[in-house]
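Chemist: Next comes the structure file data_12.csv, holding CSV, C-alpha atoms.
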chain,number,residue,atom,x,y,z
A,1,MET,CA,0.0,0.0,0.0
A,2,ILE,CA,1.4,3.4,-1.0
A,3,PHE,CA,0.1,6.6,0.7
A,4,THR,CA,-0.8,9.6,-1.5
A,5,SER,CA,0.4,13.0,-0.6
A,6,HIS,CA,-3.1,13.8,0.7
A,7,LYS,CA,-2.9,10.9,3.0
A,8,ILE,CA,0.6,11.8,4.1
A,9,ASN,CA,-0.7,15.3,5.1
A,10,LYS,CA,-3.4,13.5,7.2
A,11,VAL,CA,-0.7,11.4,8.9
A,12,ASN,CA,1.4,14.5,9.6
A,13,LEU,CA,-1.6,16.3,11.1
A,14,ILE,CA,-2.4,13.3,13.3
A,15,CYS,CA,1.2,13.1,14.5
A,16,PHE,CA,1.2,16.9,15.2
A,17,CYS,CA,-2.0,16.6,17.2
A,18,LEU,CA,-0.7,13.7,19.2
A,19,ALA,CA,2.5,15.6,20.0
A,20,ILE,CA,0.5,18.6,21.2
A,21,ALA,CA,-1.7,16.4,23.3
A,22,TRP,CA,1.4,14.8,24.9
A,23,VAL,CA,2.8,18.2,25.8
A,24,VAL,CA,-0.5,19.5,27.2
A,25,ALA,CA,-1.1,16.4,29.3
A,26,PHE,CA,2.3,15.7,30.7
A,27,THR,CA,4.2,19.0,30.9
A,28,GLU,CA,4.4,21.0,34.1
A,29,VAL,CA,5.7,24.5,34.1
A,30,ARG,CA,9.1,24.9,35.8
A,31,PRO,CA,11.0,28.0,36.7
A,32,ALA,CA,13.5,29.2,34.1
A,33,ALA,CA,17.1,28.2,34.6
A,34,ALA,CA,19.1,30.5,36.8
A,35,SER,CA,21.4,31.4,33.9
A,36,ALA,CA,21.2,31.2,30.1
A,37,GLY,CA,24.0,28.7,30.0
A,38,GLU,CA,22.5,26.3,32.5
A,39,ARG,CA,21.9,22.9,30.9
A,40,GLY,CA,19.0,21.8,33.1
A,41,PRO,CA,18.3,18.4,34.7
A,42,GLU,CA,20.4,15.4,33.8
A,43,PRO,CA,18.9,12.2,32.5
A,44,ALA,CA,17.8,9.6,34.9
A,45,GLY,CA,20.8,7.4,34.2
A,46,GLN,CA,23.7,6.5,31.8
A,47,TRP,CA,21.8,3.6,30.2
A,48,SER,CA,18.6,3.6,28.1
A,49,LEU,CA,16.3,1.2,26.3
A,50,THR,CA,14.2,2.4,23.4
A,51,LEU,CA,11.4,0.5,21.7
A,52,PHE,CA,11.0,1.7,18.0
A,53,ASN,CA,8.3,1.1,15.4
A,54,GLY,CA,8.4,2.7,12.0
A,55,ILE,CA,7.6,2.6,8.3
A,56,HIS,CA,9.7,3.0,5.1
A,57,THR,CA,9.6,6.2,3.1
A,58,ASP,CA,10.8,6.7,-0.5
A,59,ARG,CA,12.1,10.2,0.5
A,60,THR,CA,15.8,10.7,0.5
A,61,ILE,CA,17.3,11.7,3.9
A,62,GLY,CA,17.3,15.3,3.0
A,63,ARG,CA,13.7,15.3,2.0
A,64,ALA,CA,12.7,13.2,5.0
A,65,THR,CA,14.5,15.6,7.4
A,66,PHE,CA,12.6,18.6,6.2
A,67,ASN,CA,9.3,16.7,5.7
A,68,ILE,CA,9.1,17.2,1.9
A,69,PRO,CA,6.2,15.2,0.6
A,70,GLY,CA,6.8,11.6,-0.6
A,71,SER,CA,5.3,8.2,-0.2
A,72,PHE,CA,5.2,5.5,2.5
A,73,ASN,CA,5.7,1.8,1.6
A,74,ASP,CA,4.4,-1.4,3.2
A,75,HIS,CA,7.7,-2.1,4.8
A,76,TYR,CA,7.7,-2.0,8.6
A,77,PHE,CA,10.5,-1.7,11.2
A,78,HIS,CA,10.3,-3.0,14.8
A,79,GLY,CA,13.4,-2.5,16.9
A,80,LEU,CA,14.9,-2.3,20.4
A,81,ALA,CA,18.0,-0.1,21.1
A,82,LEU,CA,20.3,-0.2,24.1
A,83,SER,CA,22.4,3.0,24.7
A,84,ARG,CA,25.0,4.1,27.1
A,85,GLY,CA,26.0,7.7,27.8
A,86,MET,CA,29.8,8.2,27.6
A,87,GLY,CA,30.1,11.7,28.9
A,88,GLU,CA,30.2,15.3,27.8
A,89,LEU,CA,32.1,16.5,24.7
A,90,ARG,CA,31.9,20.2,25.5
A,91,GLN,CA,29.3,22.6,27.0
A,92,HIS,CA,25.7,21.5,26.1
A,93,PHE,CA,26.9,18.4,24.2
A,94,SER,CA,27.2,14.8,25.2
A,95,TRP,CA,27.9,11.6,23.4
A,96,GLU,CA,26.7,8.0,23.6
A,97,VAL,CA,27.1,4.6,22.0
A,98,GLU,CA,24.1,2.5,20.9
A,99,GLY,CA,23.3,-0.9,19.5
A,100,THR,CA,20.0,-1.8,17.9
A,101,ALA,CA,18.3,-5.1,17.0
A,102,ALA,CA,15.4,-4.7,14.5
A,103,TRP,CA,13.0,-6.9,12.6
A,104,HIS,CA,11.9,-5.9,9.1
A,105,ARG,CA,8.6,-6.9,7.4
A,106,ASP,CA,8.4,-6.0,3.7
A,107,ARG,CA,4.8,-6.4,2.6
A,108,ARG,CA,4.8,-4.5,-0.6
A,109,SER,CA,2.8,-5.8,-3.5
A,110,GLY,CA,4.6,-8.9,-4.9
A,111,VAL,CA,7.2,-8.8,-2.1
A,112,ARG,CA,7.2,-10.8,1.1
A,113,GLN,CA,10.6,-10.5,2.9
A,114,ASP,CA,11.4,-10.7,6.6
A,115,TYR,CA,14.9,-10.1,7.9
A,116,GLN,CA,16.8,-8.8,10.9
A,117,GLU,CA,19.0,-5.7,11.1
A,118,PHE,CA,21.7,-4.9,13.7
A,119,THR,CA,23.3,-1.5,14.1
A,120,ALA,CA,26.2,-0.1,16.1
A,121,ALA,CA,26.6,3.7,16.3
A,122,ALA,CA,28.0,6.6,18.2
A,123,LEU,CA,25.6,9.6,18.7
A,124,VAL,CA,26.3,13.2,19.6
A,125,ARG,CA,23.4,14.9,21.6
A,126,TYR,CA,22.6,18.6,22.1
A,127,HIS,CA,20.9,19.6,25.3
A,128,ASN,CA,20.5,23.4,25.5
A,129,LEU,CA,17.3,24.1,23.6
A,130,PRO,CA,15.6,27.3,24.7
A,131,TRP,CA,12.3,25.8,25.8
A,132,ASN,CA,13.9,23.1,28.0
A,133,HIS,CA,12.6,24.7,31.2
A,134,LEU,CA,9.1,23.8,30.0
A,135,LEU,CA,9.7,20.6,28.1
A,136,PRO,CA,13.1,18.9,28.2
A,137,THR,CA,14.1,18.3,24.6
A,138,THR,CA,17.3,17.0,23.0
A,139,VAL,CA,18.4,16.5,19.4
A,140,ALA,CA,21.0,13.9,18.3
A,141,ALA,CA,22.8,12.7,15.2
A,142,GLY,CA,24.7,9.4,15.0
A,143,ASN,CA,26.8,7.4,12.6
A,144,GLY,CA,27.9,3.7,12.5
A,145,LEU,CA,27.3,0.4,10.7
A,146,SER,CA,24.2,-1.6,9.8
A,147,TYR,CA,24.1,-5.3,9.1
A,148,ALA,CA,21.0,-6.9,7.5
A,149,THR,CA,20.7,-10.7,7.7
A,150,ARG,CA,19.3,-10.7,4.1
A,151,SER,CA,20.1,-8.2,1.3
A,152,PRO,CA,17.0,-5.9,1.5
A,153,GLN,CA,14.8,-6.1,-1.5
A,154,ILE,CA,13.5,-2.6,-1.0
A,155,GLU,CA,17.1,-1.2,-1.3
A,156,ALA,CA,17.7,-3.3,-4.5
A,157,ASP,CA,14.5,-2.0,-6.0
A,158,LEU,CA,15.6,1.6,-5.4
A,159,ASN,CA,19.2,1.0,-6.5
A,160,ALA,CA,19.0,-0.8,-9.9
A,161,GLY,CA,19.1,-4.2,-8.2
A,162,ARG,CA,22.1,-3.5,-5.9
A,163,SER,CA,22.3,-3.8,-2.2
A,164,ARG,CA,24.4,-5.7,0.4
A,165,HIS,CA,24.2,-6.9,3.9
A,166,LEU,CA,26.7,-4.4,5.5
A,167,LEU,CA,26.1,-0.7,4.9
A,168,ASN,CA,26.6,2.6,6.6
A,169,TYR,CA,24.0,3.7,9.2
A,170,LEU,CA,23.0,7.3,10.0
A,171,ALA,CA,20.4,8.4,12.7
A,172,LEU,CA,18.8,11.8,13.2
A,173,GLU,CA,16.7,12.1,16.4
A,174,LEU,CA,14.4,14.4,18.4
A,175,ALA,CA,13.6,13.3,22.0
A,176,VAL,CA,11.2,15.0,24.5
A,177,ALA,CA,10.9,14.1,28.2
A,178,PRO,CA,7.6,14.9,30.0
A,179,PRO,CA,8.7,16.1,33.4
A,180,ARG,CA,6.1,14.1,35.3
A,181,PHE,CA,7.6,10.8,34.1
A,182,ALA,CA,11.2,10.7,35.2
A,183,GLY,CA,13.5,8.8,32.8
A,184,VAL,CA,10.8,8.5,30.1
A,185,GLU,CA,11.2,10.1,26.6
A,186,LEU,CA,9.2,10.1,23.4
A,187,VAL,CA,11.5,9.8,20.4
A,188,TYR,CA,11.2,10.6,16.7
A,189,ARG,CA,14.0,9.3,14.5
A,190,ILE,CA,15.1,9.0,10.9
A,191,HIS,CA,16.8,5.7,10.3
A,192,HIS,CA,19.1,5.8,7.2
A,193,ARG,CA,21.0,2.9,5.6
A,194,SER,CA,23.2,3.7,2.6
A,195,GLY,CA,26.3,2.8,0.6
A,196,VAL,CA,27.8,6.3,1.1
A,197,PHE,CA,28.0,7.1,-2.7
A,198,GLY,CA,29.4,3.7,-3.6
A,199,LEU,CA,31.9,3.4,-0.7
A,200,PHE,CA,30.3,0.1,0.4
A,201,GLY,CA,30.6,-2.3,-2.4
A,202,GLY,CA,29.5,0.2,-5.1
A,203,VAL,CA,26.0,0.6,-3.5
A,204,ARG,CA,24.9,4.2,-4.2
A,205,GLY,CA,21.3,4.0,-3.0
A,206,ALA,CA,19.7,4.1,0.5
A,207,SER,CA,16.7,3.2,2.5
A,208,ASP,CA,15.0,5.6,5.0
A,209,PHE,CA,12.5,4.9,7.8
A,210,TYR,CA,10.5,7.1,10.0
A,211,LEU,CA,10.5,5.8,13.5
A,212,LEU,CA,8.6,6.6,16.7
A,213,GLY,CA,10.0,5.3,20.0
A,214,LEU,CA,9.5,5.2,23.7
A,215,ARG,CA,12.7,5.4,25.7
A,216,TYR,CA,13.4,4.6,29.4
A,217,ARG,CA,16.6,5.9,31.0
A,218,PHE,CA,18.0,4.0,34.0
Will you turn the file into C-alpha cells for me?
Modeler:
Amino acid sequence: MIFTSHKINKVNLICFCLAIAWVVAFTEVRPAAASAGERGPEPAGQWSLTLFNGIHTDRTIGRATFNIPGSFNDHYFHGLALSRGMGELRQHFSWEVEGTAAWHRDRRSGVRQDYQEFTAAALVRYHNLPWNHLLPTTVAAGNGLSYATRSPQIEADLNAGRSRHLLNYLALELAVAPPRFAGVELVYRIHHRSGVFGLFGGVRGASDFYLLGLRYRF
C-alpha cells in the first residue's frame, strides 16, 4: 500500500495533534534556569532502552529531514535499542554509544521479505534548547554500521538491483521528556542505511525509515 500526498498530510496532522496532546497532558511549568548557560536536569541514568516502530519512506534523507512530501511503503520496522552515555564532549553536548536489533517486514505488492538488522553507532546529543525549562528536549545525530541478515529487496529496487548486507548507518533524532515521568522520553528518529555514494561495495542507494519510539533511561 502506498500513501498519496493527501494521506501523508493527514498522517502529519495526526502526529502533530498527538504531539500537542502529549505536551499539554504531561508538561508541568518549571522556573526558568538560573542562567542562560545552565543545561537543566540530567537524564535519569547512563543507560537507556528504546522501543521503536516505523515505516519506510521513499524520500531521501534530506527530503525526510525537512518533511518534503513523498510516499510511504508497506515495509515495517520494529526495533529495540540499548544505549549508554559516555560523557560530555563540550558545553551543552554529550555523546553515547548505541546498539539496535530490529525486525523488518516488507509487505509491498509482490514482495514478502522478513529479515533482521543490527546496528552499532555513536551519537552526539545537544541539550541546550531554549524551551527546556518547559519541556526537556534534545536533538541527536549518529553514525555507524548496519548489518542486515538478508540483502534488503527494497534497497535493491531503489538501486537498480544493488544492495548488500553491510552498509553505513545514520540516525537523526528528536527526543522529548515529559517532566512528570522521570526517565521516560518520546523519540522521533530518521533511520538511514546507505552505501555512502558507492563506498560500500559500489552501492549508491539508500533506505530511509520514519521511527517513533518510547525510551526509558536508568
Chemist: Identify which of the residues A:Glu96, A:Asp74, A:Asp58, A:Glu185 lies closest to Leu123 (chain A), counting all atoms listed in the file when measuring atom-to-atom distances.
Modeler: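 Selected residue with least distance to Leu123 (chain A): A:Glu96.
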Chemist: Between CA of Leu49 (chain A) and CA of Met86 (chain A), what distance in Å does the model show, to one decimal?
Modeler: 15.3 Å
Chemist: Taking (26.8, 3.8, 9.1) in the coordinates of the supplied file, I want to know which residues reach to within 8 Å of it, counting all atoms listed in the file; could you give the answer as a list in words?
Modeler: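 Within 8 Å of (26.8, 3.8, 9.1), the protein and nucleic acid residues are Ala121, Asn143, Gly144, Leu145, Ser146, Leu167, Asn168, Tyr169, Leu170, Arg193 and Ser194 of chain A.
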Chemist: Put those residues in a file: C-alpha atoms, as a PDB file, keeping the file's coordinate frame.
Modeler:
ATOM      1  CA  ALA A 121      26.600   3.700  16.300  1.00  0.00           C
ATOM      2  CA  ASN A 143      26.800   7.400  12.600  1.00  0.00           C
ATOM      3  CA  GLY A 144      27.900   3.700  12.500  1.00  0.00           C
ATOM      4  CA  LEU A 145      27.300   0.400  10.700  1.00  0.00           C
ATOM      5  CA  SER A 146      24.200  -1.600   9.800  1.00  0.00           C
ATOM      6  CA  LEU A 167      26.100  -0.700   4.900  1.00  0.00           C
ATOM      7  CA  ASN A 168      26.600   2.600   6.600  1.00  0.00           C
ATOM      8  CA  TYR A 169      24.000   3.700   9.200  1.00  0.00           C
ATOM      9  CA  LEU A 170      23.000   7.300  10.000  1.00  0.00           C
ATOM     10  CA  ARG A 193      21.000   2.900   5.600  1.00  0.00           C
ATOM     11  CA  SER A 194      23.200   3.700   2.600  1.00  0.00           C
TER      12      SER A 194
END
Chemist: Select, from A:Thr137, A:Ser48, A:Ser71, A:Asn53, the residue with the minimum atom-to-atom distance to Arg84 (chain A), counting all atoms listed in the file.
Modeler: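 Counting all atoms listed in the file, the residue closest to Arg84 (chain A) is A:Ser48.
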Chemist: Have a look at A:Tyr115, A:Tyr188, A:Phe209, A:Trp131 and name the one nearest to Gly54 (chain A); count all atoms listed in the file.
Modeler: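 Using all atoms listed in the file, Gly54 (chain A) sits closest to A:Phe209.
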Chemist: Just to confirm, what's the straight-line distance from CA of Gln46 (chain A) to CA of Gly85 (chain A) in Å (one decimal)?
Modeler: 4.8 Å
Chemist: For the atom pair CA of Thr119 (chain A) and CA of Thr100 (chain A), what is the interatomic distance in Å to one decimal place?
Modeler: 5.0 Å
Chemist: Pick out the closest residue to His192 (chain A) from this set: A:Asn73, A:Ser109, A:Ser83, A:Thr57. Count only C-alpha atoms.
Modeler: A:Thr57
Chemist: Kindly extract all protein, DNA and RNA residues lying within 10 Å of the coordinates (14.5, 12.7, 16.1) given in the file, considering only C-alpha atoms, and supply them as a list in words.
Modeler: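 With a cut-off of 10 Å, the residues come to Thr65, Thr138, Val139, Ala140, Ala141, Ala171, Leu172, Glu173, Leu174, Ala175, Val176, Leu186, Val187, Tyr188, Arg189, Ile190, His191, Tyr210, Leu211, Leu212 and Gly213 of chain A.
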Chemist: Quick one: residues within 9 Å of Arg107 (chain A), only C-alpha atoms, excluding same-chain residues fewer than 5 positions away - as a list in words?
Modeler: Met1, Asn73, Asp74, His75, Tyr76, Arg112, Gln113 and Asp114 of chain A
Chemist: Hey, which of A:His165, A:His127, A:Arg215, A:His133 ends up closest to Leu82 (chain A)? Count all atoms listed in the file.
Modeler: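 Once distances to Leu82 (chain A) are computed over all atoms listed in the file, the minimum belongs to A:Arg215.
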Chemist: Could you list, as an NGL selection string, every residue within 10 Å of Gly201 (chain A), counting only C-alpha atoms and ignoring same-chain residues fewer than 6 positions away?
Modeler: :A and (162-164 or 166-167 or 195)
Chemist: So that I can check the surroundings of Ala101 (chain A), please list as a ChimeraX atom specification every protein, DNA and RNA residue that reaches within 7 Å of it, counting all atoms listed in the file and ignoring chain neighbours fewer than 5 positions away.
Modeler: /A:79-81,117-119
